[in-house]
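**Student:** Sharing a structure below in structure tokens format, with a few things to ask.
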Amino acid sequence: MLNFSVLDLIDIILVAVILFQLYKLIRGTAALSIFIGIFLIYLFWLIVKALNMELIGALMGQVIGVGVIALLIVFQQEVRRFLLAIGNRYLKSSRFSFTRIFTTADEKEGSPKEAEEIVRAAESMAAKKTGALIVIARKTSLDIYSEGGEHLDALISAELLETIFFKNSPLHDGAVLIEDGRIYAARCPLPITDQPSLPPHFGMRHRAAIGISEHTDALVIVVSEESGLITVAENGLARQGISVNELRQILLKEKIR
């Protein structure tokens, strides 16, 4: 007779929640395929053990035991990024900060002026076909992605954004990071997506935008220098051909912080 208690139900729910959160973190990345492969191998091993197939069970046990160490060595950079993503996504919202304590309620709400400055910059750059890549932080900190760039800590203004992305500017090659309602850094290199099914006309800016949206929960704005189209990327997905009014509504809804 099968004994099923409340603790068993809690156990199942916790495992389901953990797997769902893990899927949200790695969906749209190469890590998802790796995870599925490992899961299938482990499932096969459990079936072998249940059928008491000793020889193949012993071989699979050795493979799994050594395989974990091998995966950590081969994919050490991916594991590092994955752990950083987890820490940034779930700990930043509770991070202690004097700024948060002494910030007024109106400041915490975010200013529509900052959103309008970004919209004006995007509209102007789209008209001039000036390439741009703007990453707006949500809960995930962008600190680790600013390491290869230039720290600015400047107020958000359309003029400054256009100056940064001007083709002869030393800061134009890379991304601008916006965090806590300020331009945090410029000329920042971003991770490139591994998605094989992207449209062929997507250049490095679009691939970098999707890549950073896979690793963080940031909202990313891309202006194409070929077509002048505005693209918004989040959660590993890109929406191309966004109008200025649509971009304005998206940013106002975000309440840029």
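Each chain in the structure tokens gets a letter, A, B, ..., in the order shown, and its residues are numbered from 1; ligands are numbered from 1 in order too.
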Fewer than 5 positions away in the same chain doesn't count, so skip those; otherwise give me all residues within 12 Å of Gly131 of chain A, counting only C-alpha atoms, as a PyMOL selection string.

**Tutor:** chain A and resi 121-126+161-168+172-176+203-206+221-231

**Student:** What's the 12 Å shell around Pro170 of chain A, counting only C-alpha atoms, without same-chain residues fewer than 6 positions away, as a PyMOL selection string?

**Tutor:** chain A and resi 149-150+163-164+186-188

**Student:** Quick one: residues within 8 Å of segment 60-65 of chain A, only C-alpha atoms, excluding same-chain residues fewer than 4 positions away - as a list in words?

**Tutor:**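 Surrounding residues, per the criterion: Tyr42, Trp45, Ile56 and Ile69 of chain A.
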
**Student:** Set the distance at 8 Å and use only C-alpha atoms: which residues neighbour Ala208 of chain A once local chain neighbours fewer than 4 positions away are removed? I'd like the list as a ChimeraX atom specification.

**Tutor:** /A:190-193,204,212

**Student:** Keeping only C-alpha atoms, write the selected residues to a file as a PDB file, in the first residue's frame.

**Tutor:**
ATOM      1  CA  LEU A 190      27.621  41.953 -23.080  1.00  0.00           C
ATOM      2  CA  PRO A 191      27.178  38.176 -23.390  1.00  0.00           C
ATOM      3  CA  ILE A 192      26.007  37.013 -26.830  1.00  0.00           C
ATOM      4  CA  THR A 193      23.002  34.711 -27.114  1.00  0.00           C
ATOM      5  CA  MET A 204      25.770  41.782 -32.806  1.00  0.00           C
ATOM      6  CA  ILE A 212      21.870  40.048 -21.540  1.00  0.00           C
TER       7      ILE A 212
END

**Student:** For atom CA of Val68 of chain A and atom CA of Ile47 of chain A, determine how far apart the two atoms are, in Å to one decimal place.

**Tutor:**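 Value for the atom CA of Val68 of chain A-atom CA of Ile47 of chain A distance: 19.4 Å.
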
**Student:** I need the residues in segment 107-244 of chain A that are strand (DSSP E) according to DSSP; give them as number ranges by chain.

**Tutor:** A: 132-136, 150-155, 175-179, 182-188, 219-223, 230-234, 237-240

**Student:** Could the residues in this selection be saved with C-alpha atoms as an mmCIF file, in the first residue's frame?

**Tutor:**
data_model
loop_
_atom_site.group_PDB
_atom_site.id
_atom_site.type_symbol
_atom_site.label_atom_id
_atom_site.label_comp_id
_atom_site.auth_asym_id
_atom_site.auth_seq_id
_atom_site.Cartn_x
_atom_site.Cartn_y
_atom_site.Cartn_z
ATOM 1 C CA ALA A 132 22.445 52.069 -29.866
ATOM 2 C CA LEU A 133 22.214 49.462 -27.110
ATOM 3 C CA ILE A 134 20.653 50.523 -23.797
ATOM 4 C CA VAL A 135 20.214 48.113 -20.866
ATOM 5 C CA ILE A 136 17.808 49.145 -18.095
ATOM 6 C CA GLU A 150 33.564 52.986 -18.400
ATOM 7 C CA HIS A 151 31.768 54.043 -15.213
ATOM 8 C CA LEU A 152 29.884 57.324 -15.637
ATOM 9 C CA ASP A 153 27.235 57.676 -12.895
ATOM 10 C CA ALA A 154 25.467 60.450 -14.802
ATOM 11 C CA LEU A 155 21.938 61.797 -15.017
ATOM 12 C CA ALA A 175 26.161 49.023 -24.210
ATOM 13 C CA VAL A 176 24.974 51.748 -21.888
ATOM 14 C CA LEU A 177 23.830 50.429 -18.510
ATOM 15 C CA ILE A 178 21.107 52.296 -16.643
ATOM 16 C CA GLU A 179 20.616 51.449 -12.983
ATOM 17 C CA ARG A 182 21.174 56.958 -13.656
ATOM 18 C CA ILE A 183 23.492 56.147 -16.540
ATOM 19 C CA TYR A 184 25.751 53.773 -14.640
ATOM 20 C CA ALA A 185 28.295 52.796 -17.304
ATOM 21 C CA ALA A 186 29.003 52.908 -21.040
ATOM 22 C CA ARG A 187 31.026 50.910 -23.592
ATOM 23 C CA CYS A 188 30.149 47.695 -21.759
ATOM 24 C CA LEU A 219 14.821 45.564 -20.278
ATOM 25 C CA VAL A 220 17.006 46.202 -23.336
ATOM 26 C CA ILE A 221 16.504 48.764 -26.103
ATOM 27 C CA VAL A 222 18.286 48.416 -29.458
ATOM 28 C CA VAL A 223 18.382 50.931 -32.296
ATOM 29 C CA ILE A 230 13.734 50.071 -32.477
ATOM 30 C CA THR A 231 13.798 46.665 -30.802
ATOM 31 C CA VAL A 232 12.968 45.812 -27.194
ATOM 32 C CA ALA A 233 14.363 42.603 -25.667
ATOM 33 C CA GLU A 234 13.460 40.907 -22.387
ATOM 34 C CA LEU A 237 12.775 37.426 -26.566
ATOM 35 C CA ALA A 238 12.975 40.402 -28.930
ATOM 36 C CA ARG A 239 10.167 42.590 -30.287
ATOM 37 C CA GLN A 240 11.295 44.416 -33.419
#

**Student:** Just checking: using only C-alpha atoms, which residue out of A:Phe20, A:Ala115, A:Ala70, A:Ile144 ends up closest to Lys253 of chain A?

**Tutor:**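 Comparing A:Phe20, A:Ala115, A:Ala70, A:Ile144 against Lys253 of chain A, the winner is A:Ala115.
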
**Student:** Tell me, in Å to one decimal, how far atom CA of Asp8 of chain A is from atom CA of Leu43 of chain A.

**Tutor:**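 These atoms are spaced 20.0 Å apart.
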
**Student:** Interatomic distance between atom CA of Glu116 of chain A and atom CA of His201 of chain A?

**Tutor:**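 For atom CA of Glu116 of chain A relative to atom CA of His201 of chain A, the distance reads 28.7 Å.
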
**Student:** Within 9 Å of Leu46 of chain A, counting only C-alpha atoms, which residues qualify if same-chain residues fewer than 5 places away don't, as a list in words?

**Tutor:**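 Contacts, with the query itself left out: Ile41, Leu51 and Gly57 of chain A.
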
**Student:** Taking only C-alpha atoms into account, which of A:Pro189, A:Leu171, A:Glu254, A:Val119 comes nearest Ser146 of chain A?

**Tutor:** A:Pro189
